[in-house]
Every structure is written in C-alpha cells, then in structure tokens.
Amino acid sequence: MFGVFSLWRTLDSVFFYLTLIVALGGLVGNGLVLWNLGLHIKKGPFSIYLLHLAAADCLFLSCHVGFSVAQAALGTQDTLYFVLTFLWFVVGLWLLAAFSVERCLSDLFPACYQGCRPRHASAVLCALAWALSLPAVLLPANACGLLRTSLRPLVCLRYHVASVAWLLVLACVACVAGVVLFVWVACCSSRPQPRFYGIVLGELLLLLFCGLPVVLYWSLRPLLSFLPILPPLAMLLAMLLACVNSSSKPLIYLASGRKPGRRDPLRVVLRSALEEGTGLGTGTVLPMGLL
C-alpha cells in the first residue's frame, strides 16, 4: 500500500512540473504572438480570430500557472482551479470553430461570401465567444457545487447536459469545417492553398489529440467523482494535454511563416504567418472595413 502511495506521489509530481513547464513556455509564446499581432502586424478578418485566440490561451495558461504556484506554496489545490482554467479553454474552442468555418466558407464560396459577409462579423463573433462561454461553464459549475456552493442534483444535470452538448457541437463544427476545407483544397480546387490553410489544419489536429480530452473530462466529471483514483489522474492528463494544445499554437505560426533556407527574425516570421492583406480567398477581395 505504501508503494502504491509513493508511486502516486511521484506520478503526481512529474505531471505537475511537466505541465507547469509546458504552460510557462506556452505563456511566453502566446504573449509574443499577442504582442506582435496586437501592435505590430496588420490585422484582417481572419487574423483577428487568432488575436483573440492568443488572448484566450494566455488567460488559460496564466490561470494554470497561478493556481499551480499557489498549490505548490499552500500544498492544496483550490476548487476553483479547473472551472476557471476550463472557462478560457472554452473561449478558445468557440473562437477556433468560428475561425475554421469562416476560412472554409470563404474558400468554397468566395464571391458569395464576399458579398454576404456582414460588416464587423469577426468582432461580433469574437465578442459572442467571450460572452456565451461564461454561462456555458459557470452555470453548470455553480449548480454542480464547483464554485464553493451546494450541489443541486437536478439543476446540475440539466445545466451539465446542455453544456456538454454545446461543447460537442462546437468541436464537431470546427472539425467538420477543417475536413471539408482539406478535401476541397486537396481534391477539388485548382487554386493555390488559401491563406491560413496550414494554421487551420494544425490547430484542428491539436484540438483532436490534445484539446478533446479536457472536454471529455468535463463531460464525465460527475461520473468520475464516484471513483477514488481516476478523477485526479484523468485531470492531470487532461490538463497536461490542454496546456500542450494552447502552448503549441505559436509553434504552428512559426512553422507556417518560416521560409525554407532563410533565417528571418522572429517578428518577420510571425508577420509572414499572421499578417493579412485584403484577400479572403484566392481571387477575391474583402474590404478591411468588414472586420
């Protein structure tokens, strides 16, 4: 029994420090993206999604680092940790779904999309992502007793089912848009690869392998609470993968912006990957006022 307890303590420490290191690296990377895209890079209808996505990832990683430091200092984990970190993850999921759908539609129907796209669509959708994520996470968390409140089983069940269904819809929308875009570009379109094509596919692969486990953990959390060992182990693994998901996006931008055989400064590489002119799709032009 003592050997099992010692093994668990060792495993817990390994996951804790590994996740903290990944989160700190991701915080630096997303901070650089946020700084350059916010102040030094020309933004367009798509890059504004990436700006908000970097902000959401910074908040997610900052919450994780802050709660981890508090846990290391106090020896206990605050009950608000998972709720507050998951909140910013959900904002990022919302933004990724909107970004993927817009990128897909703009390449499938460029002329129609240019004429029908509402003014300020990107800003409105980003504001909705931030606003709607709050009730989607905080209402079920409050009803299920995760915000230092008492558990209300029937209300918890209703809110939790609605929250899980909404999150799964967002994840499915993002994945379907990415698959449709990939099939269209690879098999049906004779035009060059659209802007941000590699970024869309890279971030959707990250979502599939590193982002969905934390959504799965949120979905199964009420059931896992009846098992003594699985909940902490599942949360450790889910949060590690979620930190990898948020921390790897700046690496995707660097890989997308780097030119073969050249060693450009970091700002030049990020500008190459994230700067946007006026083209929404090949051969179409969208006025920059439609942000």
# chains A, B, ... in the order shown; residues from 1 in each chain; ligands from 1

$ residues_around --residues "Pro194 of chain A" --least-positions-apart "2" --cutoff "12 Å" --atoms "only C-alpha atoms" --output "PDB file with C-alpha atoms, in the first residue's frame"
ATOM      1  CA  PHE A  46      -9.129  36.075 -40.043  1.00  0.00           C
ATOM      2  CA  ARG A 103     -11.974  30.054 -43.546  1.00  0.00           C
ATOM      3  CA  CYS A 104     -13.850  27.110 -45.074  1.00  0.00           C
ATOM      4  CA  LEU A 105     -16.775  29.159 -46.393  1.00  0.00           C
ATOM      5  CA  SER A 106     -14.509  31.856 -47.808  1.00  0.00           C
ATOM      6  CA  ASP A 107     -12.705  29.306 -49.983  1.00  0.00           C
ATOM      7  CA  LEU A 108     -15.740  27.257 -51.018  1.00  0.00           C
ATOM      8  CA  PRO A 110     -15.537  33.228 -52.373  1.00  0.00           C
ATOM      9  CA  LEU A 181     -11.522  22.585 -46.279  1.00  0.00           C
ATOM     10  CA  PHE A 182      -8.830  19.893 -46.522  1.00  0.00           C
ATOM     11  CA  TRP A 184     -11.740  20.845 -51.075  1.00  0.00           C
ATOM     12  CA  VAL A 185      -8.156  22.094 -51.337  1.00  0.00           C
ATOM     13  CA  ALA A 186      -6.624  18.630 -51.854  1.00  0.00           C
ATOM     14  CA  SER A 189      -9.848  23.158 -56.012  1.00  0.00           C
ATOM     15  CA  SER A 190      -7.333  24.174 -58.674  1.00  0.00           C
ATOM     16  CA  ARG A 191      -6.418  27.378 -56.833  1.00  0.00           C
ATOM     17  CA  PRO A 192      -3.344  27.709 -54.582  1.00  0.00           C
ATOM     18  CA  PHE A 196      -4.110  30.276 -43.025  1.00  0.00           C
ATOM     19  CA  TYR A 197      -4.782  26.808 -44.514  1.00  0.00           C
ATOM     20  CA  GLY A 198      -1.872  25.205 -42.645  1.00  0.00           C
ATOM     21  CA  ILE A 199      -2.791  27.028 -39.434  1.00  0.00           C
ATOM     22  CA  VAL A 200      -6.388  25.764 -39.580  1.00  0.00           C
ATOM     23  CA  LEU A 201      -5.328  22.148 -40.104  1.00  0.00           C
ATOM     24  CA  GLU A 276      -3.328  39.607 -43.656  1.00  0.00           C
ATOM     25  CA  GLY A 279      -7.871  38.659 -49.686  1.00  0.00           C
ATOM     26  CA  LEU A 280     -10.375  36.307 -48.110  1.00  0.00           C
ATOM     27  CA  GLY A 281      -9.971  33.768 -50.790  1.00  0.00           C
ATOM     28  CA  THR A 282      -7.939  33.461 -53.901  1.00  0.00           C
ATOM     29  CA  GLY A 283      -9.114  35.972 -56.424  1.00  0.00           C
ATOM     30  CA  THR A 284     -11.439  37.806 -54.041  1.00  0.00           C
TER      31      THR A 284
END

$ residues_around --residues "Val155 of chain A" --least-positions-apart "5" --cutoff "9 Å" --atoms "only C-alpha atoms" --output "ChimeraX atom specification"
/A:140,143-144,160

$ write_last_selection --atoms "N, CA and C atoms" --output "short mmCIF file (atom, residue, chain, number, x, y, z; two decimals), in the first residue's frame"
data_model
loop_
_atom_site.label_atom_id
_atom_site.label_comp_id
_atom_site.auth_asym_id
_atom_site.auth_seq_id
_atom_site.Cartn_x
_atom_site.Cartn_y
_atom_site.Cartn_z
N PRO A 140 -23.38 25.55 -15.07
CA PRO A 140 -23.31 24.16 -14.58
C PRO A 140 -22.32 23.99 -13.43
N ALA A 143 -24.21 25.08 -10.31
CA ALA A 143 -25.25 24.13 -9.93
C ALA A 143 -24.66 22.81 -9.42
N CYS A 144 -23.48 22.45 -9.91
CA CYS A 144 -22.86 21.18 -9.51
C CYS A 144 -21.93 21.32 -8.31
N HIS A 160 -25.55 20.66 -16.93
CA HIS A 160 -24.36 19.94 -17.39
C HIS A 160 -24.59 19.30 -18.76
#

$ residues_around --residues "Ser246 of chain A" --least-positions-apart "3" --cutoff "12 Å" --atoms "only C-alpha atoms" --output "PyMOL selection string"
chain A and resi 19+22-31+53-62+64+85-86+88-93+96+203-204+206-207+210-211+239-243+249-252

$ atom_distance --atom1 "atom CA of Val33 of chain A" --atom2 "atom CA of Phe67 of chain A"
23.3 Å

$ closest_residue --among "A:Asn142, A:Ser68, A:Ser272, A:Gln114" --to "Cys156 of chain A" --atoms "only C-alpha atoms"
A:Asn142

$ select_by_dssp --residues "segment 54-155 of chain A" --states "helix (DSSP H, G or I)" --output "PyMOL selection string"
chain A and resi 54-74+81-108+110-116+121-143+153-155

$ residues_around --residues "Tyr159 of chain A" --least-positions-apart "6" --cutoff "12 Å" --atoms "only C-alpha atoms" --output "MDAnalysis selection string"
chainID A and resid 135:144 152:153 165:166 219

$ closest_residue --among "A:Gln77, A:Leu37, A:Leu87, A:Val269" --to "Phe16 of chain A" --atoms "only C-alpha atoms"
A:Gln77

$ atom_distance --atom1 "atom CA of Asn245 of chain A" --atom2 "atom CA of Ser6 of chain A"
29.6 Å
